[in-house]
file run-v4.tsv (TSV, C-alpha atoms)
chain	number	residue	atom	x	y	z
Y	1481	MET	CA	0.00	0.00	0.00
Y	1482	THR	CA	2.83	2.39	0.85
Y	1483	ARG	CA	4.53	1.72	-2.48
Y	1484	ALA	CA	1.24	2.19	-4.36
Y	1485	ARG	CA	0.70	5.58	-2.73
Y	1486	SER	CA	4.24	6.64	-3.68
Y	1487	LEU	CA	3.60	6.11	-7.39
Y	1488	ASP	CA	2.97	9.22	-9.44
Y	1489	ARG	CA	-0.63	8.97	-10.65
Y	1490	ARG	CA	-0.08	11.10	-13.72
Y	1491	GLY	CA	2.93	8.99	-14.66
Y	1492	VAL	CA	0.94	5.78	-14.21
Y	1493	THR	CA	-1.90	7.14	-16.34
Y	1494	TRP	CA	0.39	8.16	-19.20
Y	1495	GLY	CA	2.25	4.85	-18.95
Y	1496	LEU	CA	-0.96	2.85	-19.24
Y	1497	ILE	CA	-2.11	4.99	-22.18
Y	1498	ALA	CA	1.22	4.33	-23.95
Y	1499	VAL	CA	0.86	0.57	-23.35
Y	1500	ALA	CA	-2.70	0.63	-24.72
Y	1501	VAL	CA	-1.55	2.51	-27.84
Y	1502	PHE	CA	1.31	0.06	-28.35
Y	1503	LEU	CA	-1.03	-2.93	-28.05
Y	1504	ALA	CA	-3.48	-1.32	-30.50
Y	1505	LEU	CA	-0.66	-0.76	-33.00
Y	1506	THR	CA	0.38	-4.38	-32.58
Y	1507	PHE	CA	-3.15	-5.70	-33.04
Y	1508	PHE	CA	-4.12	-3.65	-36.07
Y	1509	GLY	CA	-0.61	-3.35	-37.55
Y	1510	SER	CA	-0.27	-7.15	-37.63
Y	1511	ASP	CA	-3.61	-7.36	-39.46
Y	1512	ARG	CA	-5.41	-8.51	-36.30
Y	1513	LEU	CA	-2.50	-10.75	-35.24
Y	1514	VAL	CA	-2.33	-12.58	-38.59
Y	1515	TRP	CA	1.36	-11.63	-38.91
Y	1516	PHE	CA	2.16	-11.65	-35.21
Y	1517	ASP	CA	4.78	-14.29	-34.41
Y	1518	ALA	CA	3.86	-16.06	-31.18
Y	1519	ALA	CA	7.53	-17.01	-30.72
Y	1520	LEU	CA	8.19	-13.32	-30.04
Y	1521	VAL	CA	5.64	-12.96	-27.25
Y	1522	GLY	CA	8.43	-12.72	-24.65
Y	1523	TYR	CA	9.93	-9.79	-26.51
Y	1524	LEU	CA	6.47	-8.20	-26.61
Y	1525	PHE	CA	6.06	-8.37	-22.84
Y	1526	GLY	CA	9.57	-6.95	-22.35
Y	1527	THR	CA	8.76	-4.12	-24.74
Y	1528	LEU	CA	5.47	-3.36	-22.97
Y	1529	PHE	CA	7.28	-3.17	-19.64
Y	1530	ALA	CA	9.88	-0.84	-21.17
Y	1531	VAL	CA	7.19	1.37	-22.74
Y	1532	PHE	CA	5.38	1.76	-19.44
Y	1533	GLY	CA	8.58	2.39	-17.48
Y	1534	ILE	CA	9.98	4.90	-19.96
Y	1535	ILE	CA	6.77	6.91	-20.21
Y	1536	TYR	CA	6.25	6.81	-16.43
Y	1537	ARG	CA	9.77	7.99	-15.66
Y	1538	TYR	CA	9.64	10.62	-18.41
Y	1539	ALA	CA	6.39	12.03	-17.06
Y	1540	VAL	CA	7.89	12.25	-13.56
Y	1541	TRP	CA	11.14	13.72	-14.91
Y	1542	LEU	CA	9.24	16.46	-16.77
Y	1543	ARG	CA	7.58	17.55	-13.52
Y	1544	ARG	CA	10.85	18.11	-11.64
Y	1545	PRO	CA	11.44	21.84	-11.10
Y	1546	PRO	CA	14.63	22.19	-13.22
Y	1547	THR	CA	13.24	20.11	-16.10
Y	1548	MET	CA	9.87	21.84	-15.92
Y	1549	MET	CA	11.55	25.24	-16.10
Y	1550	LEU	CA	13.77	24.28	-19.06
Y	1551	ASN	CA	10.83	22.68	-20.85
Y	1552	ARG	CA	8.67	25.77	-20.41
Y	1553	ARG	CA	11.47	28.17	-21.42
Y	1554	GLY	CA	12.35	26.03	-24.43
Y	1555	TRP	CA	8.78	26.10	-25.74
Y	1556	ASP	CA	8.51	29.84	-25.00
Y	1557	ALA	CA	11.72	30.46	-26.97
Y	1558	PHE	CA	10.47	28.31	-29.85
Y	1559	ARG	CA	7.09	30.04	-30.07
Y	1560	ALA	CA	8.67	33.51	-29.86
Y	1561	ASN	CA	10.02	33.03	-33.38
Y	1562	ALA	CA	8.33	29.86	-34.57
Y	1563	GLY	CA	9.03	30.32	-38.29
Y	1564	ARG	CA	12.79	30.75	-37.98
Y	1565	ASN	CA	13.08	28.11	-35.27
Y	1566	LEU	CA	11.14	25.59	-37.35
Y	1567	VAL	CA	13.55	26.14	-40.24
Y	1568	ALA	CA	16.49	25.64	-37.89
Y	1569	LEU	CA	15.03	22.43	-36.40
Y	1570	PRO	CA	16.48	19.96	-38.98
Y	1571	SER	CA	19.96	21.40	-38.43
Y	1572	LEU	CA	19.60	21.10	-34.65
Y	1573	VAL	CA	18.39	17.50	-34.95
Y	1574	ALA	CA	21.35	16.66	-37.19
Y	1575	THR	CA	23.98	18.28	-34.96
Y	1576	GLN	CA	22.56	17.69	-31.46
Y	1577	LEU	CA	20.91	14.28	-31.84
Y	1578	LEU	CA	22.43	12.51	-34.86
Y	1579	ALA	CA	25.99	13.78	-35.30
Y	1580	GLN	CA	26.44	14.56	-31.57
Y	1581	GLY	CA	29.16	17.10	-32.30
Y	1582	PHE	CA	29.26	18.25	-28.68
Y	1583	ILE	CA	30.76	14.86	-27.76
Y	1584	ARG	CA	33.38	15.11	-30.49
Y	1585	ARG	CA	34.63	18.36	-28.98
Y	1586	ARG	CA	35.38	16.46	-25.77
Y	1587	SER	CA	37.03	13.39	-27.28
Y	1588	THR	CA	37.16	11.84	-30.75
Y	1589	ALA	CA	37.30	8.31	-29.30
Y	1590	ARG	CA	34.21	8.91	-27.15
Y	1591	TRP	CA	32.41	10.37	-30.16
Y	1592	ILE	CA	33.21	7.31	-32.31
Y	1593	ALA	CA	32.04	5.01	-29.51
Y	1594	HIS	CA	28.78	6.95	-29.10
Y	1595	GLN	CA	28.17	6.92	-32.84
Y	1596	LEU	CA	28.75	3.16	-33.12
Y	1597	VAL	CA	26.43	2.36	-30.21
Y	1598	PHE	CA	23.85	4.95	-31.30
Y	1599	TRP	CA	23.51	3.81	-34.91
Y	1600	GLY	CA	23.77	0.15	-33.93
Y	1601	CYS	CA	20.88	0.54	-31.49
Y	1602	ILE	CA	18.85	2.56	-34.00
Y	1603	LEU	CA	19.31	-0.14	-36.66
Y	1604	ALA	CA	18.41	-2.89	-34.18
Y	1605	ALA	CA	15.29	-1.00	-33.04
Y	1606	LEU	CA	14.13	-0.42	-36.63
Y	1607	VAL	CA	14.20	-4.18	-37.20
Y	1608	THR	CA	13.32	-5.66	-33.80
Y	1609	PHE	CA	10.28	-3.62	-32.79
Y	1610	PRO	CA	8.40	-3.85	-36.13
Y	1611	LEU	CA	9.05	-7.62	-36.18
Y	1612	THR	CA	7.86	-7.99	-32.58
Y	1613	MET	CA	4.69	-6.01	-33.31
Y	1614	GLY	CA	3.97	-7.88	-36.52
Y	1615	LEU	CA	4.32	-4.69	-38.55
Y	1616	LEU	CA	7.16	-6.13	-40.65
Y	1617	HIS	CA	7.28	-9.44	-42.49
Y	1618	PHE	CA	8.65	-10.96	-45.69
Y	1619	GLU	CA	6.89	-12.98	-48.39
Y	1620	SER	CA	8.32	-14.81	-51.37
Y	1621	VAL	CA	7.44	-13.35	-54.77
Y	1622	GLY	CA	5.48	-15.78	-56.92
Y	1623	GLN	CA	7.26	-19.09	-57.43
Y	1624	GLN	CA	10.73	-17.56	-57.15
Y	1625	GLY	CA	12.24	-18.87	-53.95
Y	1626	ASP	CA	15.11	-16.39	-54.01
Y	1627	ARG	CA	13.03	-13.22	-54.29
Y	1628	TYR	CA	11.22	-11.62	-51.38
Y	1629	ARG	CA	8.92	-8.68	-50.81
Y	1630	VAL	CA	8.99	-6.53	-47.68
Y	1631	PHE	CA	5.56	-5.91	-46.16
Y	1632	LEU	CA	4.71	-3.17	-43.68
Y	1633	SER	CA	1.52	-4.50	-42.15
Y	1634	ARG	CA	-0.51	-5.55	-45.23
Y	1635	PHE	CA	1.20	-3.15	-47.64
Y	1636	GLY	CA	3.94	-4.48	-49.89
Y	1637	THR	CA	6.96	-2.27	-50.43
Y	1638	ILE	CA	10.20	-3.36	-52.14
Y	1639	ASP	CA	11.32	-6.62	-53.72
Y	1640	PHE	CA	14.86	-7.93	-53.40
Y	1641	ASP	CA	17.01	-10.89	-54.32
Y	1642	ALA	CA	17.92	-12.91	-51.22
Y	1643	GLU	CA	21.35	-13.72	-52.68
Y	1644	SER	CA	22.22	-10.10	-53.48
Y	1645	ILE	CA	24.24	-7.80	-51.25
Y	1646	PHE	CA	21.06	-5.91	-50.40
Y	1647	GLY	CA	19.32	-9.16	-49.54
Y	1648	TRP	CA	22.21	-10.24	-47.30
Y	1649	LEU	CA	22.06	-6.90	-45.49
Y	1650	MET	CA	18.29	-7.20	-45.06
Y	1651	PHE	CA	18.51	-10.62	-43.45
Y	1652	HIS	CA	21.64	-9.79	-41.43
Y	1653	ALA	CA	20.74	-6.26	-40.33
Y	1654	LEU	CA	20.77	-7.32	-36.68
Y	1655	ASP	CA	24.24	-8.83	-37.12
Y	1656	VAL	CA	25.47	-5.53	-38.54
Y	1657	ALA	CA	23.87	-3.71	-35.61
Y	1658	ALA	CA	25.54	-6.10	-33.14
Y	1659	VAL	CA	28.99	-5.50	-34.67
Y	1660	LEU	CA	28.50	-1.72	-34.49
Y	1661	VAL	CA	27.41	-1.90	-30.85
Y	1662	LEU	CA	30.30	-4.19	-29.90
Y	1663	GLY	CA	32.77	-1.79	-31.50
Y	1664	GLY	CA	31.42	1.05	-29.38
Y	1665	VAL	CA	31.33	-1.09	-26.23
Y	1666	PHE	CA	34.99	-2.09	-26.59
Y	1667	ILE	CA	36.03	1.56	-27.03
Y	1668	PHE	CA	34.04	2.56	-23.95
Y	1669	LEU	CA	35.55	-0.29	-21.92
Y	1670	ARG	CA	39.07	0.60	-22.97
Y	1671	ARG	CA	38.56	4.20	-21.89
Y	1672	ARG	CA	36.89	3.30	-18.59
Y	1673	LEU	CA	39.63	0.83	-17.67
Y	1674	ARG	CA	42.60	3.02	-18.66
Y	1675	ASP	CA	41.55	6.68	-18.33
Y	1676	PRO	CA	42.25	8.00	-14.78
Y	1677	GLY	CA	39.57	10.66	-15.15
Y	1678	ALA	CA	36.94	8.09	-16.13
Y	1679	LEU	CA	37.99	5.75	-13.31
Y	1680	ALA	CA	37.63	8.56	-10.77
Y	1681	VAL	CA	33.93	9.04	-11.55
Y	1682	GLU	CA	33.11	5.41	-12.38
Y	1683	ARG	CA	29.76	4.06	-11.22
Y	1684	SER	CA	28.45	0.50	-11.22
Y	1685	GLY	CA	25.62	1.46	-13.57
Y	1686	ASP	CA	28.11	2.46	-16.26
Y	1687	PHE	CA	29.51	-1.07	-16.51
Y	1688	LEU	CA	26.04	-2.61	-16.21
Y	1689	ALA	CA	24.83	-0.79	-19.31
Y	1690	LEU	CA	27.90	-1.87	-21.28
Y	1691	ALA	CA	27.52	-5.46	-20.03
Y	1692	GLY	CA	23.90	-5.50	-21.18
Y	1693	LEU	CA	24.75	-4.21	-24.66
Y	1694	PHE	CA	27.60	-6.73	-24.89
Y	1695	ALA	CA	25.40	-9.65	-23.84
Y	1696	VAL	CA	22.60	-8.83	-26.27
Y	1697	SER	CA	25.01	-8.35	-29.19
Y	1698	VAL	CA	27.14	-11.46	-28.55
Y	1699	THR	CA	24.20	-13.83	-27.98
Y	1700	GLY	CA	22.56	-12.50	-31.14
Y	1701	LEU	CA	25.73	-13.16	-33.16
Y	1702	PHE	CA	25.89	-16.67	-31.67
Y	1703	LEU	CA	22.53	-17.43	-33.33
Y	1704	THR	CA	24.00	-16.59	-36.73
Y	1705	VAL	CA	27.11	-18.65	-35.99
Y	1706	SER	CA	24.92	-21.61	-35.05
Y	1707	SER	CA	22.84	-21.28	-38.24
Y	1708	LEU	CA	25.69	-20.77	-40.71
Y	1709	TRP	CA	28.58	-22.82	-39.35
Y	1710	LEU	CA	27.27	-25.26	-36.71
Y	1711	ASP	CA	24.33	-26.72	-38.66
Y	1712	GLY	CA	21.91	-25.33	-36.08
Y	1713	ARG	CA	23.51	-26.99	-33.07
Y	1714	PHE	CA	22.75	-25.32	-29.72
Y	1715	TYR	CA	20.36	-22.98	-31.52
Y	1716	SER	CA	17.46	-23.57	-29.13
Y	1717	ALA	CA	19.55	-22.89	-26.03
Y	1718	LEU	CA	21.22	-19.86	-27.61
Y	1719	ASN	CA	17.84	-18.51	-28.71
Y	1720	THR	CA	16.53	-18.77	-25.14
Y	1721	LEU	CA	19.66	-17.09	-23.79
Y	1722	HIS	CA	19.42	-14.28	-26.34
Y	1723	ALA	CA	15.73	-13.73	-25.60
Y	1724	LEU	CA	16.51	-13.53	-21.89
Y	1725	THR	CA	19.24	-10.91	-22.40
Y	1726	VAL	CA	17.00	-8.82	-24.67
Y	1727	VAL	CA	14.01	-8.92	-22.31
Y	1728	LEU	CA	16.17	-8.06	-19.29
Y	1729	GLY	CA	17.79	-5.27	-21.31
Y	1730	LEU	CA	14.40	-3.82	-22.22
Y	1731	MET	CA	13.30	-3.96	-18.59
Y	1732	TYR	CA	16.53	-2.23	-17.51
Y	1733	ILE	CA	16.17	0.77	-19.85
Y	1734	PRO	CA	13.74	2.83	-17.69
Y	1735	PHE	CA	15.92	2.44	-14.60
Y	1736	GLY	CA	19.48	2.69	-15.90
Y	1737	LYS	CA	21.84	4.92	-17.78
Y	1738	LEU	CA	20.27	4.13	-21.15
Y	1739	PHE	CA	17.23	6.22	-20.19
Y	1740	HIS	CA	19.22	9.31	-21.22
Y	1741	ILE	CA	18.48	8.27	-24.82
Y	1742	PHE	CA	14.96	9.57	-24.28
Y	1743	GLN	CA	16.12	12.64	-22.36
Y	1744	ARG	CA	18.48	13.72	-25.12
Y	1745	PRO	CA	15.81	15.37	-27.36
Y	1746	GLY	CA	15.37	17.89	-24.53
Y	1747	ASN	CA	18.68	19.37	-25.74
Y	1748	LEU	CA	16.74	20.93	-28.62
Y	1749	GLY	CA	14.71	23.01	-26.17
Y	1750	VAL	CA	17.89	23.93	-24.30
Y	1751	ALA	CA	19.42	25.13	-27.57
Y	1752	TYR	CA	16.43	27.41	-28.24
Y	1753	TYR	CA	16.58	28.62	-24.63
Y	1754	LYS	CA	20.27	29.50	-24.92
Y	1755	ALA	CA	19.75	31.30	-28.24
Y	1756	ALA	CA	16.93	33.39	-26.74
Y	1757	ASN	CA	19.07	34.20	-23.70
Y	1758	GLU	CA	21.94	35.42	-25.89
Y	1759	GLN	CA	19.60	37.98	-27.44
Y	1760	GLY	CA	18.22	39.17	-24.10
Y	1761	PRO	CA	19.73	41.43	-21.42
Y	1762	ALA	CA	22.72	40.22	-19.42
Y	1763	ALA	CA	22.96	39.89	-15.66
Y	1764	THR	CA	25.63	42.03	-13.98
Y	1765	CYS	CA	27.78	40.88	-11.09
Y	1766	ARG	CA	26.79	42.44	-7.77
Y	1767	ARG	CA	30.48	42.60	-6.77
Y	1768	CYS	CA	32.35	43.83	-9.86
Y	1769	GLY	CA	29.47	45.10	-12.00
Y	1770	GLU	CA	30.53	43.15	-15.09
Y	1771	PRO	CA	28.01	41.19	-17.25
Y	1772	PHE	CA	28.51	37.44	-16.92
Y	1773	ALA	CA	25.36	35.53	-17.94
Y	1774	SER	CA	21.81	35.92	-19.21
Y	1775	ALA	CA	19.51	37.76	-16.83
Y	1776	GLN	CA	16.74	35.27	-17.66
Y	1777	GLN	CA	18.95	32.30	-16.81
Y	1778	ILE	CA	20.02	33.77	-13.46
Y	1779	ALA	CA	16.41	34.62	-12.60
Y	1780	ASP	CA	15.35	31.05	-13.45
Y	1781	LEU	CA	18.14	29.66	-11.27
Y	1782	GLN	CA	17.02	31.78	-8.34
Y	1783	THR	CA	13.47	30.46	-8.82
Y	1784	VAL	CA	14.34	26.76	-9.20
Y	1785	LEU	CA	17.18	26.21	-6.72
Y	1786	PRO	CA	15.08	26.83	-3.56
Y	1787	GLN	CA	12.53	24.30	-4.88
Y	1788	VAL	CA	15.20	21.58	-4.85
Y	1789	GLY	CA	16.64	22.52	-1.46
Y	1790	PHE	CA	19.35	25.05	-2.35
Y	1791	ASP	CA	18.70	28.59	-1.16
Y	1792	TYR	CA	21.51	31.00	-1.99
Y	1793	GLY	CA	19.79	34.09	-0.62
Y	1794	ILE	CA	22.07	36.49	1.27
Y	1795	ASP	CA	21.17	37.94	4.64
Y	1796	GLY	CA	20.25	41.57	4.18
Y	1797	GLY	CA	19.14	41.12	0.56
Y	1798	GLY	CA	20.58	39.84	-2.70
Y	1799	ASN	CA	21.50	36.39	-3.94
Y	1800	TYR	CA	24.79	34.57	-4.33
Y	1801	GLN	CA	23.73	33.66	-7.89
Y	1802	ASP	CA	24.12	37.35	-8.77
Y	1803	THR	CA	27.90	36.91	-8.41
Y	1804	CYS	CA	30.05	36.14	-11.46
Y	1805	PRO	CA	32.30	33.02	-11.42
Y	1806	ARG	CA	35.50	35.07	-11.05
Y	1807	CYS	CA	34.19	36.91	-8.01
Y	1808	ARG	CA	32.93	33.66	-6.51
Y	1809	ARG	CA	36.44	32.23	-6.69
Y	1810	ALA	CA	37.81	35.43	-5.16
Y	1811	SER	CA	35.22	35.27	-2.35
Y	1812	VAL	CA	36.18	31.68	-1.56
Y	1813	THR	CA	39.87	32.60	-1.48
Y	1814	LEU	CA	39.22	35.54	0.85
Y	1815	ALA	CA	37.06	33.37	3.12
Y	1816	GLN	CA	39.81	30.74	3.30
Y	1817	SER	CA	42.36	33.44	4.11
Y	1818	VAL	CA	40.23	34.72	7.00
Y	1819	ARG	CA	39.68	31.15	8.21
Y	1820	VAL	CA	43.42	30.36	8.47
Y	1821	GLY	CA	44.47	33.80	9.62
Y	1822	GLY	CA	45.94	34.94	6.33
Y	1823	PHE	CA	48.44	33.49	3.86
Y	1824	GLY	CA	52.17	34.10	4.05

call {"tool": "encode", "arguments": {"input": "run-v4.tsv", "output": "structure tokens"}}
result
Amino acid sequence: MTRARSLDRRGVTWGLIAVAVFLALTFFGSDRLVWFDAALVGYLFGTLFAVFGIIYRYAVWLRRPPTMMLNRRGWDAFRANAGRNLVALPSLVATQLLAQGFIRRRSTARWIAHQLVFWGCILAALVTFPLTMGLLHFESVGQQGDRYRVFLSRFGTIDFDAESIFGWLMFHALDVAAVLVLGGVFIFLRRRLRDPGALAVERSGDFLALAGLFAVSVTGLFLTVSSLWLDGRFYSALNTLHALTVVLGLMYIPFGKLFHIFQRPGNLGVAYYKAANEQGPAATCRRCGEPFASAQQIADLQTVLPQVGFDYGIDGGGNYQDTCPRCRRASVTLAQSVRVGGFG
């Protein structure tokens, strides 16, 4: 009962709505379950759990004071100049979400690792979820056993030769995705095991996410190895093991580090917020009088921080957030000097 009362009702409602929509898409998209593969029912339950957890956590996350403020300011900034911002949206999506140039500025190796994992997961999702929902299936064309047609629900799309390069890529898309993910995982592991800075801030959840990606990718590749080179030996056991890793991975997403995948689009709103702030008036330091940040940003900080337990108000009036970074460092140095009775 205590746990039930602690659940966010709005989050639960949105989570259940998302699950209902997903089930409806599965039912009607598979032509009333005609193309739904019962062997994938375990994946379906894992996906439903992930959908509920992701939507629930996202709804709760959006209601936190800092996120709520950024979300509101981002939409306000977008609507203030909707035409120009709409034109700029594709560029922001390409740079902030797809190319992830902000990571490249930190480290080329980290950027390559993120890109490999990102595109590997995107490719795997584009194949796995439509197959699980029955939205995607293949049919042979006429009496030609080597030609197939791709169907999205009941609508036929493209034909391809199974023995062509395109056909090989179609049937081995998940293998390609697994190789991409493994490449990124190995780069991440190398950095986390050898970089002193990464080791200093290492958390158990970081390795857990990498272990999950590794397990899903390797067990998936084992299925292909069994089919192509082992004449199907151990396939049943490997298939069960792979299904278990995938389902556990899906259930882990709402609770672990991989949830930031769904938080990342919020960077678009932050970008609009920053652009609007650059055009607005600047805040001036209460100590030196120099401009140092956007007045809107400082005002938002002073509104949000007390809501999360940090009140930087100064006795007698004013706020510590009205102090520029240089003067903050100087204030700390002066306070330390007084504390120890002076330096020198």

call {"tool": "residues_around", "arguments": {"input": "run-v4.tsv", "residues": "Val1573 (chain Y)", "least_positions_apart": "3", "cutoff": "12 Å", "atoms": "all atoms listed in the file", "output": "list in words"}}
result
Asn1565, Leu1566, Val1567, Ala1568, Leu1569, Pro1570, Gln1576, Leu1577, Leu1578, Ala1579, Gln1580, Gly1581, Arg1744, Pro1745, Gly1746, Asn1747, Leu1748, Gly1749 and Ala1751 of chain Y

call {"tool": "write_last_selection", "arguments": {"input": "run-v4.tsv", "atoms": "C-alpha atoms", "output": "PDB file, in the coordinates of the input"}}
result
ATOM      1  CA  ASN Y1565      13.080  28.110 -35.270  1.00  0.00           C
ATOM      2  CA  LEU Y1566      11.140  25.590 -37.350  1.00  0.00           C
ATOM      3  CA  VAL Y1567      13.550  26.140 -40.240  1.00  0.00           C
ATOM      4  CA  ALA Y1568      16.490  25.640 -37.890  1.00  0.00           C
ATOM      5  CA  LEU Y1569      15.030  22.430 -36.400  1.00  0.00           C
ATOM      6  CA  PRO Y1570      16.480  19.960 -38.980  1.00  0.00           C
ATOM      7  CA  GLN Y1576      22.560  17.690 -31.460  1.00  0.00           C
ATOM      8  CA  LEU Y1577      20.910  14.280 -31.840  1.00  0.00           C
ATOM      9  CA  LEU Y1578      22.430  12.510 -34.860  1.00  0.00           C
ATOM     10  CA  ALA Y1579      25.990  13.780 -35.300  1.00  0.00           C
ATOM     11  CA  GLN Y1580      26.440  14.560 -31.570  1.00  0.00           C
ATOM     12  CA  GLY Y1581      29.160  17.100 -32.300  1.00  0.00           C
ATOM     13  CA  ARG Y1744      18.480  13.720 -25.120  1.00  0.00           C
ATOM     14  CA  PRO Y1745      15.810  15.370 -27.360  1.00  0.00           C
ATOM     15  CA  GLY Y1746      15.370  17.890 -24.530  1.00  0.00           C
ATOM     16  CA  ASN Y1747      18.680  19.370 -25.740  1.00  0.00           C
ATOM     17  CA  LEU Y1748      16.740  20.930 -28.620  1.00  0.00           C
ATOM     18  CA  GLY Y1749      14.710  23.010 -26.170  1.00  0.00           C
ATOM     19  CA  ALA Y1751      19.420  25.130 -27.570  1.00  0.00           C
TER      20      ALA Y1751
END

call {"tool": "residues_around", "arguments": {"input": "run-v4.tsv", "residues": "Ala1717 (chain Y)", "least_positions_apart": "5", "cutoff": "12 Å", "atoms": "all atoms listed in the file", "output": "PyMOL selection string"}}
result
chain Y and resi 1699-1700+1702-1703+1706+1712+1722-1724

call {"tool": "closest_residue", "arguments": {"input": "run-v4.tsv", "among": "Y:Lys1754, Y:Arg1808, Y:Arg1819, Y:His1652", "to": "Phe1558 (chain Y)", "atoms": "all atoms listed in the file"}}
result
Y:Lys1754

call {"tool": "residues_around", "arguments": {"input": "run-v4.tsv", "residues": "Leu1550 (chain Y)", "least_positions_apart": "5", "cutoff": "10 Å", "atoms": "all atoms listed in the file", "output": "number ranges by chain"}}
result
Y: 1542, 1545, 1555-1556, 1746-1747, 1749-1750, 1753, 1777, 1780

call {"tool": "atom_distance", "arguments": {"input": "run-v4.tsv", "atom1": "CA of Leu1603 (chain Y)", "atom2": "CA of Val1540 (chain Y)"}}
result
28.6 Å

call {"tool": "residues_around", "arguments": {"input": "run-v4.tsv", "residues": "region 1654-1668 of chain Y", "least_positions_apart": "5", "cutoff": "12 Å", "atoms": "all atoms listed in the file", "output": "number ranges by chain"}}
result
Y: 1587-1609, 1611, 1648-1649, 1673-1675, 1678-1679, 1682, 1686-1705

call {"tool": "write_last_selection", "arguments": {"input": "run-v4.tsv", "atoms": "C-alpha atoms", "output": "short mmCIF file (atom, residue, chain, number, x, y, z; two decimals), in the frame of the given file"}}
result
data_model
loop_
_atom_site.label_atom_id
_atom_site.label_comp_id
_atom_site.auth_asym_id
_atom_site.auth_seq_id
_atom_site.Cartn_x
_atom_site.Cartn_y
_atom_site.Cartn_z
CA SER Y 1587 37.03 13.39 -27.28
CA THR Y 1588 37.16 11.84 -30.75
CA ALA Y 1589 37.30 8.31 -29.30
CA ARG Y 1590 34.21 8.91 -27.15
CA TRP Y 1591 32.41 10.37 -30.16
CA ILE Y 1592 33.21 7.31 -32.31
CA ALA Y 1593 32.04 5.01 -29.51
CA HIS Y 1594 28.78 6.95 -29.10
CA GLN Y 1595 28.17 6.92 -32.84
CA LEU Y 1596 28.75 3.16 -33.12
CA VAL Y 1597 26.43 2.36 -30.21
CA PHE Y 1598 23.85 4.95 -31.30
CA TRP Y 1599 23.51 3.81 -34.91
CA GLY Y 1600 23.77 0.15 -33.93
CA CYS Y 1601 20.88 0.54 -31.49
CA ILE Y 1602 18.85 2.56 -34.00
CA LEU Y 1603 19.31 -0.14 -36.66
CA ALA Y 1604 18.41 -2.89 -34.18
CA ALA Y 1605 15.29 -1.00 -33.04
CA LEU Y 1606 14.13 -0.42 -36.63
CA VAL Y 1607 14.20 -4.18 -37.20
CA THR Y 1608 13.32 -5.66 -33.80
CA PHE Y 1609 10.28 -3.62 -32.79
CA LEU Y 1611 9.05 -7.62 -36.18
CA TRP Y 1648 22.21 -10.24 -47.30
CA LEU Y 1649 22.06 -6.90 -45.49
CA LEU Y 1673 39.63 0.83 -17.67
CA ARG Y 1674 42.60 3.02 -18.66
CA ASP Y 1675 41.55 6.68 -18.33
CA ALA Y 1678 36.94 8.09 -16.13
CA LEU Y 1679 37.99 5.75 -13.31
CA GLU Y 1682 33.11 5.41 -12.38
CA ASP Y 1686 28.11 2.46 -16.26
CA PHE Y 1687 29.51 -1.07 -16.51
CA LEU Y 1688 26.04 -2.61 -16.21
CA ALA Y 1689 24.83 -0.79 -19.31
CA LEU Y 1690 27.90 -1.87 -21.28
CA ALA Y 1691 27.52 -5.46 -20.03
CA GLY Y 1692 23.90 -5.50 -21.18
CA LEU Y 1693 24.75 -4.21 -24.66
CA PHE Y 1694 27.60 -6.73 -24.89
CA ALA Y 1695 25.40 -9.65 -23.84
CA VAL Y 1696 22.60 -8.83 -26.27
CA SER Y 1697 25.01 -8.35 -29.19
CA VAL Y 1698 27.14 -11.46 -28.55
CA THR Y 1699 24.20 -13.83 -27.98
CA GLY Y 1700 22.56 -12.50 -31.14
CA LEU Y 1701 25.73 -13.16 -33.16
CA PHE Y 1702 25.89 -16.67 -31.67
CA LEU Y 1703 22.53 -17.43 -33.33
CA THR Y 1704 24.00 -16.59 -36.73
CA VAL Y 1705 27.11 -18.65 -35.99
#

call {"tool": "residues_around", "arguments": {"input": "run-v4.tsv", "residues": "Trp1494 (chain Y)", "least_positions_apart": "5", "cutoff": "8 Å", "atoms": "all atoms listed in the file", "output": "list of chain:residue names"}}
result
Y:Ile1535, Y:Tyr1536, Y:Ala1539

call {"tool": "atom_distance", "arguments": {"input": "run-v4.tsv", "atom1": "CA of Leu1520 (chain Y)", "atom2": "CA of Ser1633 (chain Y)"}}
result
16.4 Å

call {"tool": "closest_residue", "arguments": {"input": "run-v4.tsv", "among": "Y:Pro1761, Y:Ala1653, Y:Val1812, Y:Gly1491", "to": "Gly1533 (chain Y)", "atoms": "all atoms listed in the file"}}
result
Y:Gly1491

call {"tool": "atom_distance", "arguments": {"input": "run-v4.tsv", "atom1": "CA of Ala1762 (chain Y)", "atom2": "CA of Gln1801 (chain Y)"}}
result
13.3 Å

call {"tool": "closest_atom_pairs", "arguments": {"input": "run-v4.tsv", "of": "region 1514-1588 of chain Y", "to": "region 1728-1743 of chain Y", "cutoff": "8 Å", "atoms": "only C-alpha atoms", "output": "CSV"}}
result
residue,atom,partner,partner_atom,distance
Y:Gly1526,CA,Y:Leu1730,CA,5.8
Y:Thr1527,CA,Y:Leu1730,CA,6.2
Y:Phe1529,CA,Y:Met1731,CA,6.2
Y:Ala1530,CA,Y:Met1731,CA,5.3
Y:Gly1533,CA,Y:Pro1734,CA,5.2
Y:Ile1534,CA,Y:Pro1734,CA,4.9
Y:Arg1537,CA,Y:Pro1734,CA,6.8
Y:Tyr1538,CA,Y:Gln1743,CA,7.9

call {"tool": "residues_near_point", "arguments": {"input": "run-v4.tsv", "point": "(3.2, -9.4, -37.3)", "cutoff": "9 Å", "atoms": "only C-alpha atoms", "output": "PyMOL selection string"}}
result
chain Y and resi 1506-1507+1509-1517+1610-1617+1633

call {"tool": "closest_residue", "arguments": {"input": "run-v4.tsv", "among": "Y:Leu1669, Y:Gln1816, Y:Tyr1792, Y:Phe1508", "to": "Arg1634 (chain Y)", "atoms": "all atoms listed in the file"}}
result
Y:Phe1508
